[in-house]
file entry37.pdb (PDB, C-alpha atoms)
ATOM      1  CA  MET A   1      34.066   1.626   9.636
ATOM      2  CA  ALA A   2      30.701   2.847   8.347
ATOM      3  CA  GLN A   3      30.962   6.204   6.617
ATOM      4  CA  LEU A   4      28.670   8.939   7.917
ATOM      5  CA  ILE A   5      27.232  11.156   5.194
ATOM      6  CA  GLU A   6      26.542  14.440   6.992
ATOM      7  CA  GLN A   7      24.595  16.084   4.163
ATOM      8  CA  PRO A   8      20.902  15.251   4.731
ATOM      9  CA  LEU A   9      18.741  13.548   2.114
ATOM     10  CA  ILE A  10      15.086  13.860   1.179
ATOM     11  CA  LEU A  11      13.341  10.540   0.677
ATOM     12  CA  GLU A  12      10.400  11.608  -1.454
ATOM     13  CA  GLY A  13       7.091   9.826  -1.714
ATOM     14  CA  ALA A  14       5.000  10.366  -4.833
ATOM     15  CA  ALA A  15       1.338   9.702  -5.524
ATOM     16  CA  TRP A  16       0.207   6.326  -6.809
ATOM     17  CA  GLN A  17      -3.136   5.021  -8.024
ATOM     18  CA  ASP A  18      -4.660   4.463  -4.583
ATOM     19  CA  TYR A  19      -3.057   7.397  -2.699
ATOM     20  CA  GLY A  20      -2.178  11.031  -3.275
ATOM     21  CA  LEU A  21      -1.491  14.232  -1.351
ATOM     22  CA  VAL A  22      -3.965  16.568  -3.040
ATOM     23  CA  ASP A  23      -3.175  19.788  -1.177
ATOM     24  CA  SER A  24      -1.734  21.114   2.077
ATOM     25  CA  GLY A  25      -1.582  24.339   4.044
ATOM     26  CA  ASP A  26      -2.824  26.234   7.116
ATOM     27  CA  GLY A  27      -1.753  23.306   9.298
ATOM     28  CA  ARG A  28      -3.804  20.694   7.445
ATOM     29  CA  LYS A  29      -3.521  18.298   4.508
ATOM     30  CA  LEU A  30      -6.015  16.897   2.006
ATOM     31  CA  GLU A  31      -5.354  13.330   0.854
ATOM     32  CA  ARG A  32      -7.087  10.772  -1.308
ATOM     33  CA  TYR A  33      -7.274   7.158  -0.179
ATOM     34  CA  GLY A  34      -8.817   5.246  -3.045
ATOM     35  CA  PRO A  35     -12.276   6.727  -3.778
ATOM     36  CA  TYR A  36     -12.366   8.857  -0.595
ATOM     37  CA  ARG A  37     -10.750  12.125   0.497
ATOM     38  CA  PHE A  38      -9.795  13.111   4.026
ATOM     39  CA  ILE A  39      -8.512  16.204   5.830
ATOM     40  CA  ARG A  40      -6.048  15.707   8.653
ATOM     41  CA  PRO A  41      -3.935  18.015  10.854
ATOM     42  CA  GLU A  42      -0.409  18.699   9.623
ATOM     43  CA  PRO A  43       1.531  21.295  11.672
ATOM     44  CA  GLN A  44       4.396  21.373   9.173
ATOM     45  CA  ALA A  45       2.124  22.648   6.378
ATOM     46  CA  MET A  46       2.852  26.270   7.270
ATOM     47  CA  TRP A  47       2.039  27.705   3.824
ATOM     48  CA  GLN A  48      -1.264  28.578   2.177
ATOM     49  CA  PRO A  49      -3.332  25.860   0.421
ATOM     50  CA  ARG A  50      -3.295  25.826  -3.369
ATOM     51  CA  PHE A  51      -7.081  25.410  -3.565
ATOM     52  CA  SER A  52      -9.567  27.796  -1.986
ATOM     53  CA  GLN A  53     -11.982  24.990  -1.074
ATOM     54  CA  TRP A  54     -11.445  21.397  -0.023
ATOM     55  CA  GLU A  55     -14.044  18.698  -0.454
ATOM     56  CA  ALA A  56     -13.656  15.562   1.626
ATOM     57  CA  GLN A  57     -15.654  12.741   3.155
ATOM     58  CA  ALA A  58     -14.301  13.484   6.627
ATOM     59  CA  GLU A  59     -11.930  15.654   8.657
ATOM     60  CA  PHE A  60     -10.030  14.702  11.787
ATOM     61  CA  VAL A  61     -10.308  17.452  14.401
ATOM     62  CA  PRO A  62      -7.597  17.166  17.079
ATOM     63  CA  GLY A  63      -8.336  17.465  20.778
ATOM     64  CA  SER A  64      -6.970  20.121  23.080
ATOM     65  CA  ASP A  65      -4.220  17.876  24.464
ATOM     66  CA  GLU A  66      -0.918  16.797  22.913
ATOM     67  CA  ASP A  67      -1.512  13.057  23.260
ATOM     68  CA  GLY A  68      -3.182  12.458  19.914
ATOM     69  CA  GLY A  69      -6.790  12.889  20.994
ATOM     70  CA  GLY A  70      -9.514  14.071  18.660
ATOM     71  CA  ARG A  71     -12.355  12.786  16.492
ATOM     72  CA  TRP A  72     -13.493  12.378  12.920
ATOM     73  CA  LEU A  73     -16.230  14.656  11.583
ATOM     74  CA  TYR A  74     -18.023  13.102   8.591
ATOM     75  CA  ASP A  75     -19.703  15.012   5.767
ATOM     76  CA  ASN A  76     -20.299  11.776   3.874
ATOM     77  CA  PRO A  77     -20.196   8.196   5.169
ATOM     78  CA  VAL A  78     -17.268   5.857   4.549
ATOM     79  CA  PRO A  79     -17.243   2.108   5.303
ATOM     80  CA  GLU A  80     -16.650   1.581   9.027
ATOM     81  CA  GLU A  81     -14.972  -1.756   8.319
ATOM     82  CA  GLY A  82     -12.578  -0.110   5.870
ATOM     83  CA  TRP A  83     -11.996  -0.409   2.132
ATOM     84  CA  PRO A  84      -9.281  -2.112   0.042
ATOM     85  CA  LEU A  85      -6.218  -0.294  -1.308
ATOM     86  CA  GLN A  86      -3.071  -1.509  -3.027
ATOM     87  CA  TRP A  87       0.593  -0.541  -3.161
ATOM     88  CA  ARG A  88       2.375  -2.443  -5.923
ATOM     89  CA  GLU A  89       1.358  -6.093  -5.389
ATOM     90  CA  VAL A  90       0.507  -5.561  -1.698
ATOM     91  CA  GLY A  91      -3.191  -5.244  -0.852
ATOM     92  CA  PHE A  92      -4.377  -3.863   2.479
ATOM     93  CA  THR A  93      -7.327  -2.176   4.178
ATOM     94  CA  ALA A  94      -7.615   1.552   4.812
ATOM     95  CA  GLN A  95      -9.792   2.635   7.719
ATOM     96  CA  CYS A  96     -10.433   5.756   9.800
ATOM     97  CA  THR A  97      -8.792   5.112  13.182
ATOM     98  CA  PRO A  98      -9.219   7.034  16.458
ATOM     99  CA  PHE A  99      -5.577   8.129  16.159
ATOM    100  CA  ARG A 100      -6.073  10.218  12.970
ATOM    101  CA  HIS A 101      -4.310   7.610  10.803
ATOM    102  CA  LEU A 102      -5.973   5.511   8.113
ATOM    103  CA  GLY A 103      -4.353   2.147   8.703
ATOM    104  CA  PHE A 104      -0.972   2.719   7.030
ATOM    105  CA  PHE A 105       1.651   5.426   6.520
ATOM    106  CA  PRO A 106       1.848   6.406   2.835
ATOM    107  CA  ASP A 107       5.114   8.296   3.285
ATOM    108  CA  MET A 108       6.777   4.930   3.946
ATOM    109  CA  ALA A 109       6.328   3.821   0.315
ATOM    110  CA  PRO A 110       9.840   4.974  -0.760
ATOM    111  CA  VAL A 111      11.256   3.202   2.308
ATOM    112  CA  TRP A 112       9.641  -0.073   1.244
ATOM    113  CA  ASP A 113      11.145   0.354  -2.225
ATOM    114  CA  TRP A 114      14.583   1.146  -0.778
ATOM    115  CA  MET A 115      14.588  -1.930   1.464
ATOM    116  CA  ARG A 116      13.667  -4.123  -1.480
ATOM    117  CA  GLN A 117      16.569  -2.667  -3.460
ATOM    118  CA  GLN A 118      18.985  -3.642  -0.684
ATOM    119  CA  LEU A 119      17.718  -7.231  -0.864
ATOM    120  CA  ASP A 120      17.473  -7.421  -4.654
ATOM    121  CA  GLY A 121      17.880 -10.992  -5.882
ATOM    122  CA  ARG A 122      17.469 -12.522  -2.411
ATOM    123  CA  THR A 123      14.715 -14.954  -1.511
ATOM    124  CA  ASP A 124      16.235 -16.156   1.769
ATOM    125  CA  ALA A 125      16.783 -12.854   3.604
ATOM    126  CA  GLN A 126      15.778 -12.793   7.272
ATOM    127  CA  THR A 127      14.256  -9.413   8.160
ATOM    128  CA  LEU A 128      12.751  -7.867  11.294
ATOM    129  CA  ASN A 129       9.963  -5.274  11.371
ATOM    130  CA  LEU A 130       9.668  -3.654  14.815
ATOM    131  CA  PHE A 131       6.552  -1.602  15.600
ATOM    132  CA  GLY A 132       5.188  -3.218  12.439
ATOM    133  CA  TYR A 133       1.655  -1.738  12.737
ATOM    134  CA  THR A 134      -0.685  -3.156  10.059
ATOM    135  CA  GLY A 135       1.984  -5.020   8.158
ATOM    136  CA  VAL A 136       2.347  -3.350   4.759
ATOM    137  CA  GLY A 137       6.114  -3.130   5.234
ATOM    138  CA  SER A 138       6.281  -6.768   6.309
ATOM    139  CA  LEU A 139       4.336  -7.852   3.227
ATOM    140  CA  ALA A 140       6.644  -5.775   1.015
ATOM    141  CA  LEU A 141       9.702  -7.487   2.544
ATOM    142  CA  SER A 142       8.246 -10.989   2.425
ATOM    143  CA  GLN A 143       9.065 -11.483  -1.260
ATOM    144  CA  HIS A 144      12.732 -11.649  -0.212
ATOM    145  CA  GLY A 145      12.388 -14.219   2.573
ATOM    146  CA  PRO A 146      11.121 -14.767   6.134
ATOM    147  CA  VAL A 147       9.938 -11.709   8.093
ATOM    148  CA  THR A 148       9.454 -11.321  11.842
ATOM    149  CA  HIS A 149       6.724  -8.752  12.481
ATOM    150  CA  VAL A 150       6.497  -7.358  16.030
ATOM    151  CA  ASP A 151       3.922  -4.954  17.459
ATOM    152  CA  ALA A 152       2.567  -4.450  20.969
ATOM    153  CA  SER A 153      -0.999  -3.972  19.711
ATOM    154  CA  LYS A 154      -2.991  -7.175  19.341
ATOM    155  CA  LYS A 155      -5.469  -5.288  17.154
ATOM    156  CA  SER A 156      -2.746  -4.044  14.789
ATOM    157  CA  VAL A 157      -1.243  -7.514  14.408
ATOM    158  CA  ALA A 158      -4.691  -8.941  13.670
ATOM    159  CA  GLN A 159      -5.175  -6.262  11.009
ATOM    160  CA  ALA A 160      -1.757  -7.104   9.566
ATOM    161  CA  GLN A 161      -2.755 -10.751   9.234
ATOM    162  CA  ALA A 162      -6.028  -9.695   7.616
ATOM    163  CA  ASN A 163      -4.061  -7.544   5.168
ATOM    164  CA  ALA A 164      -1.908 -10.549   4.281
ATOM    165  CA  ALA A 165      -5.033 -12.549   3.513
ATOM    166  CA  LEU A 166      -6.481  -9.672   1.468
ATOM    167  CA  ALA A 167      -3.285  -9.483  -0.585
ATOM    168  CA  GLY A 168      -3.295 -13.247  -1.199
ATOM    169  CA  MET A 169      -0.118 -13.480   0.889
ATOM    170  CA  GLY A 170      -1.430 -15.499   3.806
ATOM    171  CA  ASP A 171       1.110 -18.230   3.077
ATOM    172  CA  ARG A 172       4.113 -15.910   3.103
ATOM    173  CA  PRO A 173       6.812 -16.780   5.709
ATOM    174  CA  ILE A 174       5.880 -14.083   8.246
ATOM    175  CA  ARG A 175       5.881 -14.529  12.023
ATOM    176  CA  TRP A 176       3.171 -12.276  13.504
ATOM    177  CA  LEU A 177       4.103 -11.483  17.113
ATOM    178  CA  VAL A 178       2.273  -9.422  19.751
ATOM    179  CA  ASP A 179       5.182  -8.356  21.920
ATOM    180  CA  ASP A 180       7.057  -5.414  23.367
ATOM    181  CA  ALA A 181       9.643  -4.447  20.733
ATOM    182  CA  ALA A 182      12.432  -3.648  23.186
ATOM    183  CA  LYS A 183      11.980  -6.820  25.233
ATOM    184  CA  PHE A 184      11.704  -8.998  22.138
ATOM    185  CA  THR A 185      14.879  -7.508  20.644
ATOM    186  CA  ALA A 186      16.796  -8.010  23.890
ATOM    187  CA  ARG A 187      15.725 -11.670  23.924
ATOM    188  CA  GLU A 188      16.855 -12.070  20.317
ATOM    189  CA  VAL A 189      20.293 -10.732  21.304
ATOM    190  CA  ARG A 190      20.523 -13.321  24.091
ATOM    191  CA  ARG A 191      19.524 -16.014  21.590
ATOM    192  CA  GLU A 192      22.359 -14.806  19.319
ATOM    193  CA  LYS A 193      19.969 -14.293  16.419
ATOM    194  CA  ARG A 194      20.952 -12.384  13.288
ATOM    195  CA  TYR A 195      18.999 -10.617  10.571
ATOM    196  CA  ASP A 196      19.769  -9.362   7.087
ATOM    197  CA  GLY A 197      17.719  -6.207   7.595
ATOM    198  CA  ILE A 198      15.800  -4.379  10.304
ATOM    199  CA  ILE A 199      13.200  -1.631  10.047
ATOM    200  CA  LEU A 200      11.913   0.164  13.125
ATOM    201  CA  ASP A 201       9.305   2.893  13.330
ATOM    202  CA  PRO A 202       8.934   3.663  17.044
ATOM    203  CA  PRO A 203       6.243   5.950  18.476
ATOM    204  CA  LYS A 204       6.960   8.934  20.671
ATOM    205  CA  PHE A 205       5.156   7.227  23.551
ATOM    206  CA  GLY A 206       3.523   3.840  23.910
ATOM    207  CA  ARG A 207       2.720   0.881  26.119
ATOM    208  CA  GLY A 208       3.525  -2.773  25.596
ATOM    209  CA  PRO A 209       1.118  -5.718  25.962
ATOM    210  CA  LYS A 210       2.012  -5.986  29.665
ATOM    211  CA  ASN A 211       1.778  -2.213  30.255
ATOM    212  CA  GLU A 212       5.457  -1.630  29.552
ATOM    213  CA  THR A 213       6.162   2.077  29.065
ATOM    214  CA  TRP A 214       7.969   3.347  25.967
ATOM    215  CA  ARG A 215       9.398   6.884  25.834
ATOM    216  CA  ILE A 216      11.493   7.497  22.770
ATOM    217  CA  GLU A 217      13.958   9.842  24.474
ATOM    218  CA  ASP A 218      14.823   7.168  27.053
ATOM    219  CA  CYS A 219      14.324   3.927  25.148
ATOM    220  CA  LEU A 220      15.506   4.521  21.582
ATOM    221  CA  ALA A 221      19.273   4.318  22.048
ATOM    222  CA  PRO A 222      19.228   0.984  23.962
ATOM    223  CA  LEU A 223      16.850  -0.511  21.391
ATOM    224  CA  VAL A 224      18.980   0.536  18.414
ATOM    225  CA  GLY A 225      22.017  -0.813  20.272
ATOM    226  CA  ASP A 226      20.332  -4.203  20.540
ATOM    227  CA  CYS A 227      19.356  -4.025  16.858
ATOM    228  CA  ARG A 228      23.010  -3.502  16.008
ATOM    229  CA  GLU A 229      23.816  -6.755  17.843
ATOM    230  CA  LEU A 230      21.391  -8.583  15.543
ATOM    231  CA  LEU A 231      23.285  -7.456  12.420
ATOM    232  CA  ASP A 232      26.691  -8.497  11.134
ATOM    233  CA  ALA A 233      29.061  -7.653   8.294
ATOM    234  CA  ASP A 234      26.906  -9.656   5.861
ATOM    235  CA  SER A 235      23.659  -7.883   6.814
ATOM    236  CA  LYS A 236      22.203  -5.346   4.399
ATOM    237  CA  PHE A 237      20.402  -2.548   6.233
ATOM    238  CA  LEU A 238      18.822  -0.890   9.223
ATOM    239  CA  PHE A 239      16.175   1.787   8.663
ATOM    240  CA  LEU A 240      14.935   3.994  11.527
ATOM    241  CA  THR A 241      12.090   6.524  11.249
ATOM    242  CA  VAL A 242      10.926   8.927  13.940
ATOM    243  CA  TYR A 243       7.740  11.030  13.912
ATOM    244  CA  ALA A 244       6.463  13.977  15.942
ATOM    245  CA  VAL A 245       9.466  14.660  18.159
ATOM    246  CA  ARG A 246      11.757  17.622  18.666
ATOM    247  CA  MET A 247      14.772  15.835  17.314
ATOM    248  CA  SER A 248      17.050  16.209  14.300
ATOM    249  CA  SER A 249      17.974  13.509  11.824
ATOM    250  CA  LEU A 250      21.559  14.495  12.667
ATOM    251  CA  ALA A 251      20.949  13.129  16.163
ATOM    252  CA  LEU A 252      19.703   9.820  14.759
ATOM    253  CA  SER A 253      22.658   9.533  12.381
ATOM    254  CA  GLY A 254      25.065  10.319  15.208
ATOM    255  CA  LEU A 255      23.603   7.442  17.212
ATOM    256  CA  LEU A 256      24.002   5.055  14.280
ATOM    257  CA  ALA A 257      27.535   6.292  13.576
ATOM    258  CA  GLU A 258      28.521   5.397  17.136
ATOM    259  CA  LEU A 259      26.840   1.990  17.150
ATOM    260  CA  PHE A 260      27.958   0.983  13.631
ATOM    261  CA  ALA A 261      31.556   2.220  13.941
ATOM    262  CA  ASP A 262      32.872  -1.333  13.516
ATOM    263  CA  MET A 263      30.713  -2.125  10.472
ATOM    264  CA  PRO A 264      31.244  -1.541   6.758
ATOM    265  CA  GLY A 265      28.848   0.543   4.705
ATOM    266  CA  THR A 266      27.267   3.973   4.863
ATOM    267  CA  ILE A 267      25.064   5.924   7.284
ATOM    268  CA  GLU A 268      22.643   8.459   5.824
ATOM    269  CA  HIS A 269      19.924  10.645   7.303
ATOM    270  CA  GLY A 270      17.302  13.196   6.379
ATOM    271  CA  ASP A 271      13.582  13.774   5.952
ATOM    272  CA  LEU A 272      10.724  11.658   4.719
ATOM    273  CA  ALA A 273       8.408  13.835   2.635
ATOM    274  CA  VAL A 274       5.383  13.460   0.380
ATOM    275  CA  ARG A 275       5.075  15.413  -2.871
ATOM    276  CA  GLU A 276       1.749  17.082  -3.597
ATOM    277  CA  GLU A 277       0.107  15.956  -6.797
ATOM    278  CA  PRO A 278       0.922  18.311  -9.703
ATOM    279  CA  LEU A 279      -1.441  21.029 -10.795
ATOM    280  CA  ARG A 280      -2.517  21.075 -14.410
ATOM    281  CA  GLN A 281      -2.395  24.685 -15.642
ATOM    282  CA  ALA A 282      -2.756  24.082 -19.338
ATOM    283  CA  GLN A 283      -3.347  21.118 -21.595
ATOM    284  CA  ASP A 284       0.307  20.080 -21.665
ATOM    285  CA  GLU A 285       1.661  21.951 -18.653
ATOM    286  CA  ARG A 286       1.883  20.751 -15.086
ATOM    287  CA  VAL A 287       3.189  22.581 -12.021
ATOM    288  CA  GLN A 288       5.038  20.400  -9.549
ATOM    289  CA  GLY A 289       3.528  20.193  -6.080
ATOM    290  CA  ARG A 290       5.315  21.119  -2.881
ATOM    291  CA  LEU A 291       7.122  18.689  -0.596
ATOM    292  CA  LEU A 292       5.443  18.121   2.758
ATOM    293  CA  PRO A 293       7.867  16.789   5.412
ATOM    294  CA  THR A 294       6.459  14.031   7.602
ATOM    295  CA  ALA A 295       9.274  12.394   9.585
ATOM    296  CA  ILE A 296      13.023  12.158  10.050
ATOM    297  CA  PHE A 297      15.073   9.060   9.373
ATOM    298  CA  ALA A 298      18.514   7.542   9.614
ATOM    299  CA  ARG A 299      19.677   4.403   7.855
ATOM    300  CA  TRP A 300      22.660   2.117   7.608
ATOM    301  CA  ARG A 301      23.286   0.195   4.434
ATOM    302  CA  ASN A 302      26.038  -2.254   3.678
ATOM    303  CA  SER A 303      28.325  -1.521   0.772
ATOM    304  CA  VAL A 304      29.113  -5.231   0.257
TER     305      VAL A 304
END
call {"tool": "encode", "arguments": {"input": "entry37.pdb", "output": "structure tokens"}}
result
Amino acid sequence: MAQLIEQPLILEGAAWQDYGLVDSGDGRKLERYGPYRFIRPEPQAMWQPRFSQWEAQAEFVPGSDEDGGGRWLYDNPVPEEGWPLQWREVGFTAQCTPFRHLGFFPDMAPVWDWMRQQLDGRTDAQTLNLFGYTGVGSLALSQHGPVTHVDASKKSVAQAQANAALAGMGDRPIRWLVDDAAKFTAREVRREKRYDGIILDPPKFGRGPKNETWRIEDCLAPLVGDCRELLDADSKFLFLTVYAVRMSSLALSGLLAELFADMPGTIEHGDLAVREEPLRQAQDERVQGRLLPTAIFARWRNSV
């Protein structure tokens, strides 16, 4: 049976050429996305900022509700149609969205690397990306074989396809599907499909293309149960991330431990976090930045 590792892990994201966490504190964070800087809310940044002043092109000011409302306030213009960024060989477009995001989740970079490690040497792996958003994860997986990318947002799937074209990966074996993740996965179980790896990044609340309602507290366990049915003893991984909920990674790992009791391998859990860029204090001295937690995760990986 899969071994549950109770001690939590930190999956740390570091800066790269086109992205960095510059500073954080007082419930906000300052990030660079290519040539532009942005300020966004971050409730978990409970400490004081390292810098007394932040300069940015824009700041997202949240609304008074808890449903993600708010608006961008611009000090300097940025391209409305977005601008190109790159993670490793994957190109994509960053853009200010009405939901405070910028078209991708930079804290997922270590997850993309980890999934690739599980599939190292494979070019025929069948993987499934549920709630695939704008497709950076799907493009990262596509070097190992066919990917099925599922998202309920027609706009997000269109952006994912545009990102594939931007990266020169338009011919990669990716199925781009606008569908409700839970209904699609249930149909795949009935079809007796199998996958070598599954990644799912569900929202707290959402609606499908036919106005299906998703509430993570009610819908997550059945969905992960169906995902388990799509994996077998030769599969390599399942990776689950959860944002903005009052839930522990221990709860996620407990769910996986129950569902994967008959499988080999290991179940781990913990926090996703992004490391602030280091401060240069002297010519040859750098002070390591703080870790800013962003999400919780649980993952199963096969030991075979």
call {"tool": "resolve_selection", "arguments": {"input": "entry37.pdb", "expression": "the PyMOL selection byres ((chain A and resi 211-222) around 10)", "output": "list of chain:residue names"}}
result
A:Ala152, A:Asp180, A:Ala181, A:Ala182, A:Lys183, A:Ala186, A:Pro202, A:Pro203, A:Lys204, A:Phe205, A:Gly206, A:Arg207, A:Gly208, A:Pro209, A:Lys210, A:Leu223, A:Val224, A:Gly225, A:Asp226, A:Cys227, A:Arg228, A:Val242, A:Val245, A:Arg246, A:Met247, A:Leu252, A:Leu255, A:Leu256, A:Leu259
call {"tool": "closest_residue", "arguments": {"input": "entry37.pdb", "among": "A:Val189, A:Ile10, A:Leu139, A:Asp179", "to": "Ile296 in chain A", "atoms": "all atoms listed in the file"}}
result
A:Ile10
call {"tool": "resolve_selection", "arguments": {"input": "entry37.pdb", "expression": "the PyMOL selection byres ((chain A and resi 21-30) around 8)", "output": "PyMOL selection string"}}
result
chain A and resi 15+19-20+31-32+37-51+54+56+274-277+292
call {"tool": "closest_atom_pairs", "arguments": {"input": "entry37.pdb", "of": "range 181-222 of chain A", "to": "range 97-112 of chain A", "cutoff": "12 Å", "atoms": "all atoms listed in the file", "output": "Markdown table"}}
result
| residue | atom | partner | partner_atom | distance |
| --- | --- | --- | --- | --- |
| A:Gly197 | CA | A:Trp112 | CA | 12.0 |
| A:Ile198 | CA | A:Trp112 | CA | 11.8 |
| A:Ile199 | CA | A:Val111 | CA | 9.3 |
| A:Leu200 | CA | A:Val111 | CA | 11.3 |
| A:Asp201 | CA | A:Met108 | CA | 9.9 |
call {"tool": "residues_near_point", "arguments": {"input": "entry37.pdb", "point": "(-13.1, 14.5, 10.2)", "cutoff": "10 Å", "atoms": "all atoms listed in the file", "output": "PyMOL selection string"}}
result
chain A and resi 38-41+56-62+70-76+96+100
call {"tool": "write_last_selection", "arguments": {"input": "entry37.pdb", "atoms": "C-alpha atoms", "output": "PDB file, keeping the file's coordinate frame"}}
result
ATOM      1  CA  PHE A  38      -9.795  13.111   4.026  1.00  0.00           C
ATOM      2  CA  ILE A  39      -8.512  16.204   5.830  1.00  0.00           C
ATOM      3  CA  ARG A  40      -6.048  15.707   8.653  1.00  0.00           C
ATOM      4  CA  PRO A  41      -3.935  18.015  10.854  1.00  0.00           C
ATOM      5  CA  ALA A  56     -13.656  15.562   1.626  1.00  0.00           C
ATOM      6  CA  GLN A  57     -15.654  12.741   3.155  1.00  0.00           C
ATOM      7  CA  ALA A  58     -14.301  13.484   6.627  1.00  0.00           C
ATOM      8  CA  GLU A  59     -11.930  15.654   8.657  1.00  0.00           C
ATOM      9  CA  PHE A  60     -10.030  14.702  11.787  1.00  0.00           C
ATOM     10  CA  VAL A  61     -10.308  17.452  14.401  1.00  0.00           C
ATOM     11  CA  PRO A  62      -7.597  17.166  17.079  1.00  0.00           C
ATOM     12  CA  GLY A  70      -9.514  14.071  18.660  1.00  0.00           C
ATOM     13  CA  ARG A  71     -12.355  12.786  16.492  1.00  0.00           C
ATOM     14  CA  TRP A  72     -13.493  12.378  12.920  1.00  0.00           C
ATOM     15  CA  LEU A  73     -16.230  14.656  11.583  1.00  0.00           C
ATOM     16  CA  TYR A  74     -18.023  13.102   8.591  1.00  0.00           C
ATOM     17  CA  ASP A  75     -19.703  15.012   5.767  1.00  0.00           C
ATOM     18  CA  ASN A  76     -20.299  11.776   3.874  1.00  0.00           C
ATOM     19  CA  CYS A  96     -10.433   5.756   9.800  1.00  0.00           C
ATOM     20  CA  ARG A 100      -6.073  10.218  12.970  1.00  0.00           C
TER      21      ARG A 100
END
call {"tool": "resolve_selection", "arguments": {"input": "entry37.pdb", "expression": "the PyMOL selection byres ((chain A and resi 129) around 9)", "output": "ChimeraX atom specification"}}
result
/A:127-128,130-132,135,137-138,147-151,197-201
call {"tool": "write_last_selection", "arguments": {"input": "entry37.pdb", "atoms": "C-alpha atoms", "output": "PDB file, keeping the file's coordinate frame"}}
result
ATOM      1  CA  THR A 127      14.256  -9.413   8.160  1.00  0.00           C
ATOM      2  CA  LEU A 128      12.751  -7.867  11.294  1.00  0.00           C
ATOM      3  CA  LEU A 130       9.668  -3.654  14.815  1.00  0.00           C
ATOM      4  CA  PHE A 131       6.552  -1.602  15.600  1.00  0.00           C
ATOM      5  CA  GLY A 132       5.188  -3.218  12.439  1.00  0.00           C
ATOM      6  CA  GLY A 135       1.984  -5.020   8.158  1.00  0.00           C
ATOM      7  CA  GLY A 137       6.114  -3.130   5.234  1.00  0.00           C
ATOM      8  CA  SER A 138       6.281  -6.768   6.309  1.00  0.00           C
ATOM      9  CA  VAL A 147       9.938 -11.709   8.093  1.00  0.00           C
ATOM     10  CA  THR A 148       9.454 -11.321  11.842  1.00  0.00           C
ATOM     11  CA  HIS A 149       6.724  -8.752  12.481  1.00  0.00           C
ATOM     12  CA  VAL A 150       6.497  -7.358  16.030  1.00  0.00           C
ATOM     13  CA  ASP A 151       3.922  -4.954  17.459  1.00  0.00           C
ATOM     14  CA  GLY A 197      17.719  -6.207   7.595  1.00  0.00           C
ATOM     15  CA  ILE A 198      15.800  -4.379  10.304  1.00  0.00           C
ATOM     16  CA  ILE A 199      13.200  -1.631  10.047  1.00  0.00           C
ATOM     17  CA  LEU A 200      11.913   0.164  13.125  1.00  0.00           C
ATOM     18  CA  ASP A 201       9.305   2.893  13.330  1.00  0.00           C
TER      19      ASP A 201
END
call {"tool": "atom_distance", "arguments": {"input": "entry37.pdb", "atom1": "CA of Ala162 in chain A", "atom2": "CA of Thr185 in chain A"}}
result
24.7 Å
call {"tool": "closest_residue", "arguments": {"input": "entry37.pdb", "among": "A:Val304, A:Ala298, A:Met115, A:Leu279", "to": "Ala251 in chain A", "atoms": "all atoms listed in the file"}}
result
A:Ala298
call {"tool": "atom_distance", "arguments": {"input": "entry37.pdb", "atom1": "CA of Ala295 in chain A", "atom2": "CA of Leu11 in chain A"}}
result
10.0 Å
call {"tool": "atom_distance", "arguments": {"input": "entry37.pdb", "atom1": "CA of Lys236 in chain A", "atom2": "CA of Thr294 in chain A"}}
result
25.2 Å
call {"tool": "residues_around", "arguments": {"input": "entry37.pdb", "residues": "Val136 in chain A", "least_positions_apart": "3", "cutoff": "8 Å", "atoms": "all atoms listed in the file", "output": "list in words"}}
result
Val90, Phe92, Phe104, Leu139, Ala140, Ala160 and Asn163 of chain A
call {"tool": "closest_residue", "arguments": {"input": "entry37.pdb", "among": "A:Val157, A:Ala257, A:Asp271, A:Asp262", "to": "Leu4 in chain A", "atoms": "only C-alpha atoms"}}
result
A:Ala257
call {"tool": "closest_residue", "arguments": {"input": "entry37.pdb", "among": "A:Gly265, A:Pro293, A:Pro79, A:Gly254", "to": "Glu6 in chain A", "atoms": "only C-alpha atoms"}}
result
A:Gly254
call {"tool": "closest_residue", "arguments": {"input": "entry37.pdb", "among": "A:Pro264, A:Pro8, A:Pro35, A:Arg299", "to": "Trp83 in chain A", "atoms": "all atoms listed in the file"}}
result
A:Pro35
call {"tool": "decode", "arguments": {"input": "entry37.pdb", "residues": "range 19-40 of chain A", "atoms": "C-alpha atoms", "output": "PDB file, in the first residue's frame"}}
result
ATOM      1  CA  TYR A  19       9.541  36.126 -12.941  1.00  0.00           C
ATOM      2  CA  GLY A  20      10.516  37.013  -9.395  1.00  0.00           C
ATOM      3  CA  LEU A  21       8.955  37.782  -6.020  1.00  0.00           C
ATOM      4  CA  VAL A  22      10.627  41.107  -5.256  1.00  0.00           C
ATOM      5  CA  ASP A  23       9.137  41.795  -1.825  1.00  0.00           C
ATOM      6  CA  SER A  24       6.153  40.995   0.383  1.00  0.00           C
ATOM      7  CA  GLY A  25       4.504  42.251   3.545  1.00  0.00           C
ATOM      8  CA  ASP A  26       1.519  44.104   5.037  1.00  0.00           C
ATOM      9  CA  GLY A  27      -0.816  41.742   3.180  1.00  0.00           C
ATOM     10  CA  ARG A  28       0.609  42.451  -0.273  1.00  0.00           C
ATOM     11  CA  LYS A  29       3.332  41.220  -2.622  1.00  0.00           C
ATOM     12  CA  LEU A  30       5.473  42.896  -5.277  1.00  0.00           C
ATOM     13  CA  GLU A  31       6.352  40.732  -8.283  1.00  0.00           C
ATOM     14  CA  ARG A  32       8.116  41.194 -11.583  1.00  0.00           C
ATOM     15  CA  TYR A  33       6.654  39.680 -14.736  1.00  0.00           C
ATOM     16  CA  GLY A  34       9.192  40.291 -17.463  1.00  0.00           C
ATOM     17  CA  PRO A  35       9.753  44.070 -17.783  1.00  0.00           C
ATOM     18  CA  TYR A  36       6.779  45.000 -15.554  1.00  0.00           C
ATOM     19  CA  ARG A  37       6.129  45.004 -11.805  1.00  0.00           C
ATOM     20  CA  PHE A  38       2.800  44.471 -10.082  1.00  0.00           C
ATOM     21  CA  ILE A  39       1.400  44.666  -6.550  1.00  0.00           C
ATOM     22  CA  ARG A  40      -1.233  42.143  -5.554  1.00  0.00           C
TER      23      ARG A  40
END
